[in-house]
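Beneath this line is the structure, given in structure tokens, with notes to follow.
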Amino acid sequence: MLHHGYDHIVLCCLVLFKVIIAGEVGEECAPTEEISRGTCKLLTDCKNAISFIQAIDFHPFSRCGFIDKVEIVCCPHKYIQPPTSTKRRRPNTGAMGQEKYGSGDRIADRECQKIVDSTLPSLESHITGGTNASLGEFTHMVTLGYNITGVYEFRCGGSLISDSYVLTAAHCVDTLDSIKPAIARMGVIYLGDGEWNNDSDVRIQQIIKHPHHVRRLKYNDIALLKLEQSVVFTPSLNPICLYTKNEDPSVPLIITGWGRTNTTRNVRNPYLQKATVVVVSKSKCEEAHPSWRKLPQGISDEQICAGDPKGLRDTCQGDSGGPLMGLTTNDGFLRLVGVTSYGRGCGSPVPGVYTRVSRYLDWIESVVWSN
């Protein structure tokens, strides 16, 4: 994970010494030099390995191989108790010193605590890959399909925030051609084609644009999509917690999208892309985005800017409406900080501008958790 550089070094060393076997799912194996009996399983199916990851951020068991970049681990037949973790037992305060989510009065915090209590954090530190995202890494990621020519064209991104609602940008639903998103595709990293897919697609029942959004301006660029049916959560499909603090996160943030591979043609990378960015101050952001007719008051308090500190270009072109997120607490779960509004896409030296989620919590809660 982004904030555990030393742990990555430890993990790499473990990998060098623990890749002592090769096998497929279901084959017998030896989990460690001391434990001789185990079975090759997907990491997500080995509760013992997950228990170790939760406790100390890595597991000690041998690796059988990979399936689509997901580790196959030699899971022991007999449960091995992980060591006591001081990391997991200390008070859950984040980089900004926030209290444990769920302890406050915000509905979003309480809903987040349900996610934390009922699911496991991302296993990204045990899955290989460069700028390609891995299955189960961003379980909330959604792409929106527009029925234009009889098949769906995927133009925008979004984030699943409950079993029935997706958060996206208002300009993704209030378009110049008046074509609105018809489906939400989720739980996948491979985009696939424009045909309806029963395994990943859900129809959009209702579009709820923020009441103060005006198409000619870049402010209040946020919208909610109610799904036609509630989704069933799985290891590859789960909602994201909302970041409820108004302070800028100090940790690195992540942007994701099925990025364009060509700036002149609508050709997208079929695999979900990710890039790391950091928050850019309002003053520096306004230098890169001076006031113009769509931003007459400059960057507002309801917006947040983030960019690539290395100034690398074309890491990916992030979808509008997609997430700006980060590990703002130490529980291993991402928080949704912003919604991609406009900019140059992932990895550009010019910071992108995002709608600040924390400023719209009252509206989001009134719609999504009205009961």
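All residue names refer to the structure tokens as shown: chains lettered A, B, ... in order, residues numbered from 1 in each chain, ligands numbered from 1 in order.
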Quick one: contact table of stretch 234-334 of chain A to stretch 175-199 of chain A, 10 Å max, nearest atom pair and distance in Å to one decimal per residue, counting only C-alpha atoms, chain and number order, as CSV?
residue,atom,partner,partner_atom,distance
A:Thr234,CA,A:Gly187,CA,8.3
A:Pro235,CA,A:Gly187,CA,8.8
A:Ser236,CA,A:Gly187,CA,5.2
A:Leu237,CA,A:Gly187,CA,4.6
A:Asn238,CA,A:Gly187,CA,8.0
A:Gly257,CA,A:Ile189,CA,9.5
A:Trp258,CA,A:Leu191,CA,7.3
A:Arg268,CA,A:Leu191,CA,9.1
A:Asn269,CA,A:Leu191,CA,8.3
A:Pro270,CA,A:Leu191,CA,5.1
A:Tyr271,CA,A:Tyr190,CA,4.7
A:Leu272,CA,A:Ile189,CA,5.1
A:Gln273,CA,A:Ile189,CA,8.6
How would the residues just picked look written out with C-alpha atoms as an mmCIF file, in the first residue's frame?
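That gives us selection36.cif:
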data_model
loop_
_atom_site.group_PDB
_atom_site.id
_atom_site.type_symbol
_atom_site.label_atom_id
_atom_site.label_comp_id
_atom_site.auth_asym_id
_atom_site.auth_seq_id
_atom_site.Cartn_x
_atom_site.Cartn_y
_atom_site.Cartn_z
ATOM 1 C CA THR A 234 -18.733 -9.426 -3.105
ATOM 2 C CA PRO A 235 -14.920 -9.347 -2.664
ATOM 3 C CA SER A 236 -14.754 -7.418 -5.962
ATOM 4 C CA LEU A 237 -17.791 -5.162 -5.399
ATOM 5 C CA ASN A 238 -18.215 -3.057 -2.291
ATOM 6 C CA GLY A 257 -10.304 5.317 -14.609
ATOM 7 C CA TRP A 258 -10.416 3.385 -17.844
ATOM 8 C CA ARG A 268 -9.635 3.533 -24.040
ATOM 9 C CA ASN A 269 -7.337 1.220 -22.155
ATOM 10 C CA PRO A 270 -9.540 -1.818 -21.471
ATOM 11 C CA TYR A 271 -8.030 -2.269 -18.006
ATOM 12 C CA LEU A 272 -8.685 0.017 -15.051
ATOM 13 C CA GLN A 273 -5.783 2.430 -14.561
#
Residue contacts of A:Leu336 (6 Å, only C-alpha atoms) excluding same-chain residues fewer than 3 positions away, as a list in words: Leu242, Tyr243 and Met325 of chain A
Between atom CA of A:Pro60 and atom CA of A:Thr32, distance in Å (one decimal): 7.3 Å
Nearest candidate to A:Asn330 (options A:Asn132, A:Gln54, A:Ser36, A:Thr44; using only C-alpha atoms):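 Closest candidate: A:Gln54.
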Long-range neighbours of A:Glu24 as number ranges by chain, 10 Å cut-off, only C-alpha atoms, 2 positions minimum in chain: A: 22, 26-29, 39-42, 64-67, 72-74
Go ahead and write the selection's residues with C-alpha atoms as a short mmCIF file (atom, residue, chain, number, x, y, z; two decimals), in the first residue's frame.
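The resulting file, selection-v6.cif, is reproduced below:
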data_model
loop_
_atom_site.label_atom_id
_atom_site.label_comp_id
_atom_site.auth_asym_id
_atom_site.auth_seq_id
_atom_site.Cartn_x
_atom_site.Cartn_y
_atom_site.Cartn_z
CA ALA A 22 4.34 -23.78 -7.81
CA GLY A 26 -6.78 -27.04 -5.24
CA GLU A 27 -3.36 -28.66 -5.28
CA GLU A 28 -1.66 -29.82 -2.08
CA CYS A 29 1.29 -27.73 -0.89
CA THR A 39 -3.93 -26.32 -0.22
CA CYS A 40 -3.37 -23.75 -2.96
CA LYS A 41 -6.17 -21.15 -2.78
CA LEU A 42 -6.84 -17.66 -4.07
CA CYS A 64 1.59 -21.19 -5.49
CA GLY A 65 1.30 -18.71 -8.34
CA PHE A 66 -1.16 -16.17 -9.76
CA ILE A 67 -4.51 -16.04 -11.55
CA ILE A 72 -2.58 -18.05 -5.14
CA VAL A 73 -1.40 -18.76 -1.60
CA CYS A 74 -0.59 -22.06 0.06
#
In stretch 110-349 of chain A, DSSP strand (DSSP E or B) residues written as an NGL selection string: :A and (132 or 141-147 or 152-160 or 165-168 or 183-186 or 190 or 201-209 or 223-227 or 234 or 237 or 241-242 or 253-257 or 260 or 268 or 271 or 273-280 or 303-307 or 323-326 or 335-342)
Residue neighbourhood A:Cys46, 12 Å, only C-alpha atoms, exclusion window fewer than 2 positions, as a PyMOL selection string: chain A and resi 25-26+31+38-44+48-53+59+61+63+71-80+123
Using only N, CA and C atoms, please write the residues we just selected to a file, as a short mmCIF file (atom, residue, chain, number, x, y, z; two decimals), in the first residue's frame.
data_model
loop_
_atom_site.label_atom_id
_atom_site.label_comp_id
_atom_site.auth_asym_id
_atom_site.auth_seq_id
_atom_site.Cartn_x
_atom_site.Cartn_y
_atom_site.Cartn_z
N VAL A 25 -4.81 -23.79 -8.08
CA VAL A 25 -5.84 -23.83 -7.05
C VAL A 25 -6.31 -25.27 -6.85
N GLY A 26 -6.33 -25.70 -5.58
CA GLY A 26 -6.78 -27.04 -5.24
C GLY A 26 -5.68 -28.05 -5.02
N PRO A 31 2.71 -24.89 3.30
CA PRO A 31 2.60 -23.45 3.57
C PRO A 31 3.91 -22.81 4.03
N GLY A 38 -1.08 -28.10 3.31
CA GLY A 38 -1.89 -26.96 2.91
C GLY A 38 -2.47 -27.18 1.52
N THR A 39 -3.30 -26.25 1.09
CA THR A 39 -3.93 -26.32 -0.22
C THR A 39 -3.79 -24.97 -0.92
N CYS A 40 -3.48 -24.99 -2.20
CA CYS A 40 -3.37 -23.75 -2.96
C CYS A 40 -4.75 -23.12 -3.13
N LYS A 41 -4.90 -21.88 -2.68
CA LYS A 41 -6.17 -21.15 -2.78
C LYS A 41 -5.91 -19.71 -3.22
N LEU A 42 -6.92 -19.09 -3.82
CA LEU A 42 -6.84 -17.66 -4.07
C LEU A 42 -6.68 -16.94 -2.73
N LEU A 43 -5.88 -15.91 -2.71
CA LEU A 43 -5.64 -15.17 -1.47
C LEU A 43 -6.95 -14.75 -0.81
N THR A 44 -7.91 -14.32 -1.63
CA THR A 44 -9.19 -13.87 -1.09
C THR A 44 -10.00 -15.00 -0.46
N ASN A 48 -6.97 -17.59 6.74
CA ASN A 48 -5.78 -17.51 7.58
C ASN A 48 -4.80 -16.45 7.07
N ALA A 49 -4.60 -16.42 5.75
CA ALA A 49 -3.71 -15.41 5.17
C ALA A 49 -4.28 -14.01 5.38
N ILE A 50 -5.59 -13.86 5.21
CA ILE A 50 -6.23 -12.56 5.40
C ILE A 50 -6.09 -12.11 6.86
N SER A 51 -6.19 -13.05 7.81
CA SER A 51 -6.03 -12.71 9.23
C SER A 51 -4.64 -12.15 9.50
N PHE A 52 -3.61 -12.74 8.87
CA PHE A 52 -2.25 -12.23 9.03
C PHE A 52 -2.12 -10.84 8.43
N ILE A 53 -2.72 -10.64 7.24
CA ILE A 53 -2.63 -9.33 6.59
C ILE A 53 -3.29 -8.26 7.45
N HIS A 59 1.43 -11.97 5.00
CA HIS A 59 1.27 -13.34 5.49
C HIS A 59 2.56 -14.12 5.25
N PHE A 61 2.91 -17.36 4.34
CA PHE A 61 2.72 -18.63 3.64
C PHE A 61 3.30 -18.61 2.23
N ARG A 63 3.76 -19.13 -1.81
CA ARG A 63 2.95 -18.71 -2.96
C ARG A 63 2.93 -19.81 -4.00
N GLU A 71 -2.87 -13.32 -6.24
CA GLU A 71 -1.98 -14.33 -5.69
C GLU A 71 -2.74 -15.61 -5.32
N ILE A 72 -2.13 -16.75 -5.64
CA ILE A 72 -2.58 -18.05 -5.14
C ILE A 72 -1.65 -18.41 -3.99
N VAL A 73 -2.20 -18.54 -2.80
CA VAL A 73 -1.40 -18.76 -1.60
C VAL A 73 -1.57 -20.20 -1.13
N CYS A 74 -0.52 -20.74 -0.54
CA CYS A 74 -0.59 -22.06 0.06
C CYS A 74 -1.23 -21.92 1.43
N CYS A 75 -2.52 -22.19 1.50
CA CYS A 75 -3.31 -21.97 2.72
C CYS A 75 -3.22 -23.20 3.63
N PRO A 76 -2.79 -23.03 4.87
CA PRO A 76 -2.62 -24.20 5.76
C PRO A 76 -3.96 -24.84 6.10
N HIS A 77 -3.95 -26.17 6.28
CA HIS A 77 -5.16 -26.89 6.67
C HIS A 77 -5.58 -26.52 8.09
N LYS A 78 -4.61 -26.31 8.95
CA LYS A 78 -4.88 -25.96 10.33
C LYS A 78 -4.67 -24.45 10.53
N TYR A 79 -5.63 -23.79 11.18
CA TYR A 79 -5.55 -22.34 11.37
C TYR A 79 -4.37 -21.98 12.26
N ILE A 80 -3.59 -21.02 11.80
CA ILE A 80 -2.43 -20.53 12.54
C ILE A 80 -2.77 -19.15 13.10
N LEU A 123 -6.41 -5.93 -0.65
CA LEU A 123 -5.22 -6.76 -0.56
C LEU A 123 -4.19 -6.35 -1.60
#
Among listed residues A:Ala30, A:Ala306, A:Leu327, A:Val231, nearest A:Val202 (using only C-alpha atoms): A:Val231
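One distance worth recording is that between atom CA of A:Ser230 and atom CA of A:Asp163, which is 5.2 Å.
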Enumerate, as a CSV table (one decimal) with C-alpha atoms, in the first residue's frame, the complete set of residues in stretch 90-221 of chain A that a backbone-based DSSP assignment places in alpha helix (DSSP H).
chain,number,residue,atom,x,y,z
A,107,ILE,CA,-24.6,9.4,9.0
A,108,ALA,CA,-21.8,8.9,6.5
A,109,ASP,CA,-19.4,8.0,9.4
A,110,ARG,CA,-21.8,5.4,10.8
A,111,GLU,CA,-22.4,3.9,7.3
A,112,CYS,CA,-18.6,3.8,6.8
A,113,GLN,CA,-18.2,1.9,10.1
A,114,LYS,CA,-20.6,-0.8,8.7
A,115,ILE,CA,-18.4,-1.2,5.7
A,116,VAL,CA,-15.2,-1.5,7.9
A,117,ASP,CA,-16.9,-4.0,10.2
A,118,SER,CA,-18.3,-6.2,7.5
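The nearest approach to A:Gly343 among the residues A:Ser320, A:Ser162, A:Ser291, A:Thr143, with only C-alpha atoms taken into account, belongs to A:Ser320.
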